[in-house]
Amino acid sequence: MEDGAQRARYTYRLRVPAAARAGLEGEWGRCRWLWNECVARAKKAYSEGEVCGPARLDGMLTRARAVTPWLAAGASVPQQQVIRDFAASRGKALKDIKNGLPVKRRAGMPRHKKRRGSDPSLNYTRRGFRIKKGRLHLAGGIVLTVVWSRPLPAEPSSVRVYRDRVGHWYASFVVHAPIEPLPPTGAVIGVDWGVKEIATTTSDCHDLPHPRHGFKGQEKLSRYDRMMARRKPKKGQAASKGYREAKRWRAKTYAKIARQRQDTARKWAKRVVRDHDAIAVEDFRPKFLARTTMARKAADAAIGATKQALVEMGRKHGRDVRLVHPAHTTMDCARCGARTKHALPLSERTYTCTECGAASPRDKNSAYVMLTRAGLNPAGDEGTRPPGAPLREAA
């Protein structure tokens, strides 16, 4: 942003009493009905060759609130935001179709939200909420207790109140967070992603080994999968209490694993960003690994989440983060720049250059290639390797 700040989300756990929970679920019921009505109106307008934009849907909401007391009993702010979200979702899908993107890469058209298959999510702009004495007051008289794990850096411009699959409620505030520059260190680092080690860097003390959080929780997940399989309802029948409980325990285990992965990624990213001025990161897209024999291990490594945490942490602290295209990074020599005649098999973990004879671990060589391609190696292909910063504990 122009004022040196950026938009950031700060998410907090909510303590929701019974009365507030009933109010939130009632608001979500109205918003879900309105979303489904927008889907139906858009389909009808398309079949009749008419245009169905946000202005037309806003008029539909005004008329519906005038004749429907149940809808008018809810706050207007989250209902108006539903129309904005629907228009943005439909506009993105139509844009992808117009640009001729492949079907697999297109954003899907908005679909109906089922009562049992969709979790509540309510958006409020600044005029729809306020924070008073540490409590969150929403339009419609709903008061929530926020678990303030850390203070907000500025006044929030909007908030999203939602419930996850485990049943926990959260409030996600959007604020203008200023950039927090760190003192310069004069060090640079290259990062190469992998599966055996999540991140291999040019500094040995900043490598990120595989924590295997998913493997450690697999015993519980297998147990809950067996419980769900035994209690699986027949088609057309409602799920039993035991099935719902097993499904909830399974979701809680997955949520814990996700939190562990996120915590590991953020701590490592903070340490790397704090100790280096510039970071060359492999712009790796691990989606294709889902079709290989390494799918489970790659998913447990959470390469995408770790990369995102590193980029976000660098942006937060004003560091120079450069994304490097991953093509041929395992085939190039970091010392002389020569490229091998054929791709190296995954079983070959040592890179040996046929031109200069340099030999080094395959991932380490790729990490130094990142530095050269990003323009952070002052000696270019001659091989003067920038030193890594000394190891310090993450804050």
# chains A, B, ... in the order shown; residues from 1 in each chain; ligands from 1
$ select_by_dssp --residues "segment 49-195 of chain A" --states "alpha helix (DSSP H)" --output "ChimeraX atom specification"
/A:54-67,69-72,76-98
$ residues_around --residues "segment 104-111 of chain A" --least-positions-apart "2" --cutoff "7 Å" --atoms "only C-alpha atoms" --output "PyMOL selection string"
chain A and resi 39+89-90+92-93+96+101-102+113
$ residues_around --residues "segment 362-364 of chain A" --least-positions-apart "2" --cutoff "12 Å" --atoms "only C-alpha atoms" --output "PyMOL selection string"
chain A and resi 189-204+206-207+282+329-335+344-353+358-360+366-371+385
$ select_by_dssp --residues "segment 193-373 of chain A" --states "strand (DSSP E)" --output "PyMOL selection string"
chain A and resi 193+197-201+208-209+278-282+320-324+350-352+359-361
$ atom_distance --atom1 "atom CA of Ala20 of chain A" --atom2 "atom CA of Met60 of chain A"
28.4 Å
$ residues_around --residues "Ala255 of chain A" --least-positions-apart "2" --cutoff "12 Å" --atoms "only C-alpha atoms" --output "short mmCIF file (atom, residue, chain, number, x, y, z; two decimals) with N, CA, C and O atoms, in the first residue's frame"
data_model
loop_
_atom_site.label_atom_id
_atom_site.label_comp_id
_atom_site.auth_asym_id
_atom_site.auth_seq_id
_atom_site.Cartn_x
_atom_site.Cartn_y
_atom_site.Cartn_z
N ASP A 164 -15.45 -23.71 12.18
CA ASP A 164 -14.74 -24.74 11.43
C ASP A 164 -15.44 -26.08 11.58
O ASP A 164 -16.47 -26.20 12.24
N ARG A 165 -14.85 -27.12 10.96
CA ARG A 165 -15.48 -28.43 10.96
C ARG A 165 -15.50 -29.08 12.34
O ARG A 165 -16.28 -29.99 12.60
N VAL A 166 -14.62 -28.62 13.23
CA VAL A 166 -14.58 -29.17 14.58
C VAL A 166 -15.68 -28.57 15.45
O VAL A 166 -16.06 -29.15 16.47
N GLY A 167 -16.20 -27.42 15.06
CA GLY A 167 -17.23 -26.76 15.85
C GLY A 167 -16.74 -25.54 16.60
O GLY A 167 -17.49 -24.95 17.38
N HIS A 168 -15.48 -25.13 16.39
CA HIS A 168 -14.93 -23.95 17.05
C HIS A 168 -15.25 -22.70 16.23
O HIS A 168 -15.22 -22.73 15.01
N HIS A 213 4.62 -34.68 11.07
CA HIS A 213 3.48 -34.53 11.98
C HIS A 213 2.34 -35.47 11.58
O HIS A 213 1.68 -36.05 12.45
N GLY A 214 2.09 -35.61 10.28
CA GLY A 214 1.02 -36.50 9.84
C GLY A 214 1.30 -37.95 10.16
O GLY A 214 0.40 -38.71 10.52
N GLY A 217 0.49 -38.73 13.77
CA GLY A 217 -0.94 -38.79 14.09
C GLY A 217 -1.70 -39.82 13.30
O GLY A 217 -2.93 -39.88 13.40
N LEU A 221 -5.75 -41.38 13.37
CA LEU A 221 -6.58 -41.23 12.19
C LEU A 221 -7.08 -42.58 11.68
O LEU A 221 -8.25 -42.71 11.30
N ARG A 248 -16.08 -36.19 14.11
CA ARG A 248 -15.60 -34.99 14.80
C ARG A 248 -14.20 -35.22 15.38
O ARG A 248 -13.34 -34.35 15.29
N TRP A 249 -13.95 -36.39 15.97
CA TRP A 249 -12.61 -36.69 16.50
C TRP A 249 -11.58 -36.71 15.38
O TRP A 249 -10.45 -36.26 15.55
N ARG A 250 -11.98 -37.26 14.25
CA ARG A 250 -11.07 -37.30 13.10
C ARG A 250 -10.74 -35.89 12.63
O ARG A 250 -9.59 -35.57 12.31
N ALA A 251 -11.75 -35.02 12.58
CA ALA A 251 -11.53 -33.64 12.16
C ALA A 251 -10.63 -32.91 13.16
O ALA A 251 -9.78 -32.09 12.77
N LYS A 252 -10.79 -33.18 14.46
CA LYS A 252 -9.95 -32.54 15.47
C LYS A 252 -8.49 -32.96 15.30
O LYS A 252 -7.57 -32.15 15.47
N THR A 253 -8.26 -34.23 14.98
CA THR A 253 -6.89 -34.70 14.77
C THR A 253 -6.26 -34.03 13.56
O THR A 253 -5.10 -33.61 13.60
N ILE A 257 -2.93 -31.50 13.44
CA ILE A 257 -1.79 -31.69 12.55
C ILE A 257 -1.55 -30.44 11.71
O ILE A 257 -0.40 -30.02 11.50
N ALA A 258 -2.63 -29.82 11.24
CA ALA A 258 -2.50 -28.60 10.44
C ALA A 258 -1.88 -27.48 11.27
O ALA A 258 -1.04 -26.71 10.78
N ARG A 259 -2.27 -27.37 12.54
CA ARG A 259 -1.68 -26.34 13.41
C ARG A 259 -0.20 -26.61 13.65
O ARG A 259 0.61 -25.68 13.69
N GLN A 260 0.17 -27.88 13.82
CA GLN A 260 1.58 -28.21 14.01
C GLN A 260 2.41 -27.84 12.78
O GLN A 260 3.52 -27.30 12.90
N ARG A 261 1.89 -28.16 11.60
CA ARG A 261 2.61 -27.81 10.38
C ARG A 261 2.75 -26.30 10.24
O ARG A 261 3.82 -25.79 9.87
N GLN A 262 1.69 -25.58 10.54
CA GLN A 262 1.73 -24.13 10.42
C GLN A 262 2.71 -23.53 11.42
O GLN A 262 3.46 -22.60 11.10
#
$ atom_distance --atom1 "atom CA of Asp275 of chain A" --atom2 "atom CA of Thr372 of chain A"
19.4 Å
$ atom_distance --atom1 "atom CA of Trp268 of chain A" --atom2 "atom CA of Val324 of chain A"
19.8 Å
$ residues_around --residues "Val143 of chain A" --least-positions-apart "3" --cutoff "12 Å" --atoms "only C-alpha atoms" --output "PDB file with N, CA and C atoms, in the first residue's frame"
ATOM      1  N   LEU A  14     -13.091 -17.579  19.509  1.00  0.00           N
ATOM      2  CA  LEU A  14     -14.248 -16.952  20.137  1.00  0.00           C
ATOM      3  C   LEU A  14     -14.850 -17.874  21.190  1.00  0.00           C
ATOM      4  N   ARG A  15     -15.313 -17.274  22.276  1.00  0.00           N
ATOM      5  CA  ARG A  15     -16.122 -17.976  23.271  1.00  0.00           C
ATOM      6  C   ARG A  15     -17.576 -17.597  23.020  1.00  0.00           C
ATOM      7  N   VAL A  16     -18.366 -18.563  22.554  1.00  0.00           N
ATOM      8  CA  VAL A  16     -19.727 -18.276  22.097  1.00  0.00           C
ATOM      9  C   VAL A  16     -20.722 -18.912  23.055  1.00  0.00           C
ATOM     10  N   PRO A  17     -21.471 -18.119  23.817  1.00  0.00           N
ATOM     11  CA  PRO A  17     -22.520 -18.696  24.669  1.00  0.00           C
ATOM     12  C   PRO A  17     -23.697 -19.200  23.850  1.00  0.00           C
ATOM     13  N   ALA A  18     -24.624 -19.859  24.515  1.00  0.00           N
ATOM     14  CA  ALA A  18     -25.747 -20.485  23.818  1.00  0.00           C
ATOM     15  C   ALA A  18     -26.594 -19.459  23.067  1.00  0.00           C
ATOM     16  N   ALA A  19     -26.893 -18.324  23.697  1.00  0.00           N
ATOM     17  CA  ALA A  19     -27.739 -17.319  23.056  1.00  0.00           C
ATOM     18  C   ALA A  19     -27.048 -16.738  21.817  1.00  0.00           C
ATOM     19  N   ALA A  20     -25.754 -16.456  21.932  1.00  0.00           N
ATOM     20  CA  ALA A  20     -25.027 -15.922  20.782  1.00  0.00           C
ATOM     21  C   ALA A  20     -24.905 -16.962  19.678  1.00  0.00           C
ATOM     22  N   ARG A  21     -24.752 -18.236  20.054  1.00  0.00           N
ATOM     23  CA  ARG A  21     -24.671 -19.282  19.032  1.00  0.00           C
ATOM     24  C   ARG A  21     -25.980 -19.378  18.261  1.00  0.00           C
ATOM     25  N   ALA A  22     -27.094 -19.287  18.966  1.00  0.00           N
ATOM     26  CA  ALA A  22     -28.388 -19.322  18.274  1.00  0.00           C
ATOM     27  C   ALA A  22     -28.538 -18.125  17.342  1.00  0.00           C
ATOM     28  N   GLY A  23     -28.062 -16.950  17.778  1.00  0.00           N
ATOM     29  CA  GLY A  23     -28.137 -15.773  16.915  1.00  0.00           C
ATOM     30  C   GLY A  23     -27.270 -15.907  15.672  1.00  0.00           C
ATOM     31  N   LEU A  24     -26.056 -16.452  15.824  1.00  0.00           N
ATOM     32  CA  LEU A  24     -25.171 -16.634  14.670  1.00  0.00           C
ATOM     33  C   LEU A  24     -25.739 -17.659  13.693  1.00  0.00           C
ATOM     34  N   PHE A 129     -20.063  -3.916  13.017  1.00  0.00           N
ATOM     35  CA  PHE A 129     -19.500  -4.463  14.254  1.00  0.00           C
ATOM     36  C   PHE A 129     -18.726  -3.377  14.981  1.00  0.00           C
ATOM     37  N   ARG A 130     -18.426  -3.641  16.233  1.00  0.00           N
ATOM     38  CA  ARG A 130     -17.570  -2.768  17.032  1.00  0.00           C
ATOM     39  C   ARG A 130     -16.964  -3.583  18.170  1.00  0.00           C
ATOM     40  N   ILE A 131     -15.814  -3.113  18.646  1.00  0.00           N
ATOM     41  CA  ILE A 131     -15.119  -3.762  19.759  1.00  0.00           C
ATOM     42  C   ILE A 131     -15.233  -2.837  20.966  1.00  0.00           C
ATOM     43  N   LYS A 132     -15.873  -3.350  21.996  1.00  0.00           N
ATOM     44  CA  LYS A 132     -16.125  -2.552  23.193  1.00  0.00           C
ATOM     45  C   LYS A 132     -15.741  -3.357  24.421  1.00  0.00           C
ATOM     46  N   LYS A 133     -14.787  -2.827  25.179  1.00  0.00           N
ATOM     47  CA  LYS A 133     -14.300  -3.471  26.407  1.00  0.00           C
ATOM     48  C   LYS A 133     -13.821  -4.894  26.138  1.00  0.00           C
ATOM     49  N   GLY A 134     -13.154  -5.072  25.003  1.00  0.00           N
ATOM     50  CA  GLY A 134     -12.579  -6.368  24.674  1.00  0.00           C
ATOM     51  C   GLY A 134     -13.553  -7.381  24.118  1.00  0.00           C
ATOM     52  N   ARG A 135     -14.809  -7.006  23.932  1.00  0.00           N
ATOM     53  CA  ARG A 135     -15.816  -7.921  23.402  1.00  0.00           C
ATOM     54  C   ARG A 135     -16.259  -7.456  22.015  1.00  0.00           C
ATOM     55  N   LEU A 136     -16.635  -8.428  21.193  1.00  0.00           N
ATOM     56  CA  LEU A 136     -17.046  -8.151  19.822  1.00  0.00           C
ATOM     57  C   LEU A 136     -18.565  -8.055  19.762  1.00  0.00           C
ATOM     58  N   HIS A 137     -19.062  -6.878  19.375  1.00  0.00           N
ATOM     59  CA  HIS A 137     -20.499  -6.639  19.243  1.00  0.00           C
ATOM     60  C   HIS A 137     -20.846  -6.617  17.760  1.00  0.00           C
ATOM     61  N   LEU A 138     -21.712  -7.536  17.339  1.00  0.00           N
ATOM     62  CA  LEU A 138     -22.141  -7.628  15.948  1.00  0.00           C
ATOM     63  C   LEU A 138     -23.516  -7.018  15.774  1.00  0.00           C
ATOM     64  N   ALA A 139     -23.824  -6.607  14.544  1.00  0.00           N
ATOM     65  CA  ALA A 139     -25.154  -6.075  14.242  1.00  0.00           C
ATOM     66  C   ALA A 139     -26.197  -7.149  14.522  1.00  0.00           C
ATOM     67  N   GLY A 140     -27.279  -6.742  15.139  1.00  0.00           N
ATOM     68  CA  GLY A 140     -28.321  -7.689  15.528  1.00  0.00           C
ATOM     69  C   GLY A 140     -28.271  -8.049  16.996  1.00  0.00           C
ATOM     70  N   VAL A 146     -13.888 -12.529  22.787  1.00  0.00           N
ATOM     71  CA  VAL A 146     -12.727 -12.826  21.955  1.00  0.00           C
ATOM     72  C   VAL A 146     -11.552 -13.211  22.848  1.00  0.00           C
ATOM     73  N   VAL A 161     -16.724 -13.854  10.834  1.00  0.00           N
ATOM     74  CA  VAL A 161     -17.009 -14.792  11.919  1.00  0.00           C
ATOM     75  C   VAL A 161     -17.401 -16.124  11.293  1.00  0.00           C
TER      76      VAL A 161
END
$ closest_residue --among "A:Cys52, A:Leu376, A:Leu61, A:Ala278" --to "Trp35 of chain A" --atoms "only C-alpha atoms"
A:Leu61
$ residues_around --residues "Arg231 of chain A" --least-positions-apart "2" --cutoff "12 Å" --atoms "only C-alpha atoms" --output "PyMOL selection string"
chain A and resi 224-229+233-234+237-247
$ write_last_selection --atoms "C-alpha atoms" --output "short mmCIF file (atom, residue, chain, number, x, y, z; two decimals), in the first residue's frame"
data_model
loop_
_atom_site.label_atom_id
_atom_site.label_comp_id
_atom_site.auth_asym_id
_atom_site.auth_seq_id
_atom_site.Cartn_x
_atom_site.Cartn_y
_atom_site.Cartn_z
CA TYR A 224 -11.23 -43.06 13.65
CA ASP A 225 -11.45 -44.19 10.02
CA ARG A 226 -12.28 -47.73 11.20
CA MET A 227 -14.89 -46.36 13.62
CA MET A 228 -16.52 -44.38 10.81
CA ALA A 229 -16.44 -47.36 8.46
CA PRO A 233 -25.06 -45.08 7.44
CA LYS A 234 -26.81 -46.58 4.49
CA GLN A 237 -30.41 -42.80 6.28
CA ALA A 238 -29.28 -40.25 8.85
CA ALA A 239 -25.87 -40.72 10.45
CA SER A 240 -25.80 -42.13 13.98
CA LYS A 241 -24.41 -40.30 16.99
CA GLY A 242 -21.38 -42.60 17.06
CA TYR A 243 -20.60 -41.86 13.41
CA ARG A 244 -20.83 -38.10 14.00
CA GLU A 245 -18.61 -38.35 17.08
CA ALA A 246 -15.95 -40.36 15.22
CA LYS A 247 -16.08 -37.87 12.36
#
$ residues_around --residues "Gly53 of chain A" --least-positions-apart "2" --cutoff "10 Å" --atoms "only C-alpha atoms" --output "VMD selection string"
chain A and resid 42 45 50 to 51 55 to 58 83 to 84 86 to 87 90 to 91
$ write_last_selection --atoms "C-alpha atoms" --output "PDB file, in the first residue's frame"
ATOM      1  CA  ALA A  42     -28.584 -15.955 -11.800  1.00  0.00           C
ATOM      2  CA  ALA A  45     -31.420 -14.714 -15.864  1.00  0.00           C
ATOM      3  CA  GLU A  50     -30.639 -11.249 -19.188  1.00  0.00           C
ATOM      4  CA  VAL A  51     -27.879  -9.656 -17.091  1.00  0.00           C
ATOM      5  CA  ALA A  55     -27.320  -3.999  -8.541  1.00  0.00           C
ATOM      6  CA  ARG A  56     -30.151  -6.304  -9.588  1.00  0.00           C
ATOM      7  CA  LEU A  57     -29.479  -8.644  -6.667  1.00  0.00           C
ATOM      8  CA  ASP A  58     -29.414  -5.676  -4.253  1.00  0.00           C
ATOM      9  CA  ILE A  83     -24.388 -10.550  -2.495  1.00  0.00           C
ATOM     10  CA  ARG A  84     -20.908  -9.031  -2.842  1.00  0.00           C
ATOM     11  CA  PHE A  86     -21.643 -14.085  -4.790  1.00  0.00           C
ATOM     12  CA  ALA A  87     -20.972 -11.419  -7.426  1.00  0.00           C
ATOM     13  CA  ARG A  90     -19.581 -15.546 -10.317  1.00  0.00           C
ATOM     14  CA  GLY A  91     -17.509 -12.801 -11.937  1.00  0.00           C
TER      15      GLY A  91
END
$ closest_residue --among "A:Val321, A:Arg274, A:Asn365, A:Gly236" --to "Pro183 of chain A" --atoms "only C-alpha atoms"
A:Arg274
$ closest_residue --among "A:Lys287, A:Arg212, A:Arg7, A:Lys235" --to "Ala154 of chain A" --atoms "only C-alpha atoms"
A:Arg7
$ decode --residues "segment 52-78 of chain A" --atoms "N, CA, C and O atoms" --output "mmCIF file, in the first residue's frame"
data_model
loop_
_atom_site.group_PDB
_atom_site.id
_atom_site.type_symbol
_atom_site.label_atom_id
_atom_site.label_comp_id
_atom_site.auth_asym_id
_atom_site.auth_seq_id
_atom_site.Cartn_x
_atom_site.Cartn_y
_atom_site.Cartn_z
ATOM 1 N N CYS A 52 -27.553 -10.358 -14.798
ATOM 2 C CA CYS A 52 -27.869 -10.425 -13.368
ATOM 3 C C CYS A 52 -26.634 -9.990 -12.591
ATOM 4 O O CYS A 52 -25.762 -10.809 -12.261
ATOM 5 N N GLY A 53 -26.517 -8.691 -12.329
ATOM 6 C CA GLY A 53 -25.371 -8.153 -11.620
ATOM 7 C C GLY A 53 -25.683 -7.827 -10.175
ATOM 8 O O GLY A 53 -26.798 -8.064 -9.682
ATOM 9 N N PRO A 54 -24.719 -7.273 -9.444
ATOM 10 C CA PRO A 54 -24.942 -6.945 -8.033
ATOM 11 C C PRO A 54 -26.082 -5.954 -7.806
ATOM 12 O O PRO A 54 -26.802 -6.046 -6.806
ATOM 13 N N ALA A 55 -26.255 -4.986 -8.728
ATOM 14 C CA ALA A 55 -27.320 -3.999 -8.541
ATOM 15 C C ALA A 55 -28.695 -4.671 -8.581
ATOM 16 O O ALA A 55 -29.581 -4.362 -7.764
ATOM 17 N N ARG A 56 -28.865 -5.607 -9.500
ATOM 18 C CA ARG A 56 -30.151 -6.304 -9.588
ATOM 19 C C ARG A 56 -30.375 -7.169 -8.352
ATOM 20 O O ARG A 56 -31.503 -7.245 -7.843
ATOM 21 N N LEU A 57 -29.330 -7.813 -7.863
ATOM 22 C CA LEU A 57 -29.479 -8.644 -6.667
ATOM 23 C C LEU A 57 -29.734 -7.790 -5.427
ATOM 24 O O LEU A 57 -30.455 -8.210 -4.519
ATOM 25 N N ASP A 58 -29.130 -6.585 -5.372
ATOM 26 C CA ASP A 58 -29.414 -5.676 -4.253
ATOM 27 C C ASP A 58 -30.883 -5.277 -4.242
ATOM 28 O O ASP A 58 -31.521 -5.194 -3.183
ATOM 29 N N GLY A 59 -31.451 -5.016 -5.424
ATOM 30 C CA GLY A 59 -32.879 -4.706 -5.496
ATOM 31 C C GLY A 59 -33.723 -5.875 -5.071
ATOM 32 O O GLY A 59 -34.764 -5.703 -4.406
ATOM 33 N N MET A 60 -33.318 -7.088 -5.432
ATOM 34 C CA MET A 60 -34.038 -8.286 -4.995
ATOM 35 C C MET A 60 -34.013 -8.407 -3.485
ATOM 36 O O MET A 60 -35.021 -8.753 -2.851
ATOM 37 N N LEU A 61 -32.856 -8.098 -2.842
ATOM 38 C CA LEU A 61 -32.763 -8.172 -1.385
ATOM 39 C C LEU A 61 -33.663 -7.137 -0.726
ATOM 40 O O LEU A 61 -34.340 -7.438 0.275
ATOM 41 N N THR A 62 -33.710 -5.925 -1.280
ATOM 42 C CA THR A 62 -34.561 -4.878 -0.698
ATOM 43 C C THR A 62 -36.025 -5.280 -0.737
ATOM 44 O O THR A 62 -36.764 -5.127 0.257
ATOM 45 N N ARG A 63 -36.473 -5.823 -1.865
ATOM 46 C CA ARG A 63 -37.872 -6.244 -1.972
ATOM 47 C C ARG A 63 -38.159 -7.438 -1.070
ATOM 48 O O ARG A 63 -39.244 -7.519 -0.471
ATOM 49 N N ALA A 64 -37.186 -8.363 -0.949
ATOM 50 C CA ALA A 64 -37.400 -9.544 -0.116
ATOM 51 C C ALA A 64 -37.491 -9.169 1.359
ATOM 52 O O ALA A 64 -38.330 -9.709 2.097
ATOM 53 N N ARG A 65 -36.680 -8.227 1.811
ATOM 54 C CA ARG A 65 -36.747 -7.801 3.211
ATOM 55 C C ARG A 65 -38.031 -7.042 3.510
ATOM 56 O O ARG A 65 -38.516 -7.045 4.650
ATOM 57 N N ALA A 66 -38.622 -6.403 2.491
ATOM 58 C CA ALA A 66 -39.855 -5.648 2.715
ATOM 59 C C ALA A 66 -41.061 -6.563 2.896
ATOM 60 O O ALA A 66 -42.023 -6.190 3.592
ATOM 61 N N VAL A 67 -41.039 -7.767 2.306
ATOM 62 C CA VAL A 67 -42.205 -8.651 2.358
ATOM 63 C C VAL A 67 -41.959 -9.909 3.185
ATOM 64 O O VAL A 67 -42.886 -10.690 3.393
ATOM 65 N N THR A 68 -40.739 -10.094 3.679
ATOM 66 C CA THR A 68 -40.420 -11.299 4.441
ATOM 67 C C THR A 68 -39.937 -10.895 5.834
ATOM 68 O O THR A 68 -38.774 -10.497 6.007
ATOM 69 N N PRO A 69 -40.791 -10.987 6.851
ATOM 70 C CA PRO A 69 -40.365 -10.599 8.214
ATOM 71 C C PRO A 69 -39.196 -11.429 8.735
ATOM 72 O O PRO A 69 -38.348 -10.912 9.460
ATOM 73 N N TRP A 70 -39.148 -12.702 8.373
ATOM 74 C CA TRP A 70 -38.053 -13.558 8.845
ATOM 75 C C TRP A 70 -36.708 -13.061 8.331
ATOM 76 O O TRP A 70 -35.715 -13.028 9.065
ATOM 77 N N LEU A 71 -36.661 -12.610 7.079
ATOM 78 C CA LEU A 71 -35.418 -12.094 6.520
ATOM 79 C C LEU A 71 -35.092 -10.717 7.079
ATOM 80 O O LEU A 71 -33.927 -10.404 7.348
ATOM 81 N N ALA A 72 -36.115 -9.886 7.272
ATOM 82 C CA ALA A 72 -35.894 -8.539 7.794
ATOM 83 C C ALA A 72 -35.478 -8.552 9.253
ATOM 84 O O ALA A 72 -34.902 -7.574 9.749
ATOM 85 N N ALA A 73 -35.747 -9.660 9.970
ATOM 86 C CA ALA A 73 -35.344 -9.742 11.370
ATOM 87 C C ALA A 73 -33.840 -9.833 11.535
ATOM 88 O O ALA A 73 -33.314 -9.567 12.622
ATOM 89 N N GLY A 74 -33.114 -10.203 10.496
ATOM 90 C CA GLY A 74 -31.664 -10.288 10.555
ATOM 91 C C GLY A 74 -31.001 -8.979 10.167
ATOM 92 O O GLY A 74 -31.629 -8.075 9.609
ATOM 93 N N ALA A 75 -29.729 -8.868 10.466
ATOM 94 C CA ALA A 75 -28.967 -7.669 10.121
ATOM 95 C C ALA A 75 -28.772 -7.589 8.608
ATOM 96 O O ALA A 75 -28.590 -8.604 7.933
ATOM 97 N N SER A 76 -28.775 -6.379 8.092
ATOM 98 C CA SER A 76 -28.645 -6.193 6.642
ATOM 99 C C SER A 76 -27.189 -6.275 6.177
ATOM 100 O O SER A 76 -26.933 -6.582 5.016
ATOM 101 N N VAL A 77 -26.218 -6.014 7.077
ATOM 102 C CA VAL A 77 -24.814 -5.964 6.665
ATOM 103 C C VAL A 77 -24.325 -7.320 6.155
ATOM 104 O O VAL A 77 -23.782 -7.416 5.046
ATOM 105 N N PRO A 78 -24.477 -8.415 6.916
ATOM 106 C CA PRO A 78 -23.996 -9.702 6.374
ATOM 107 C C PRO A 78 -24.755 -10.152 5.134
ATOM 108 O O PRO A 78 -24.185 -10.821 4.265
#
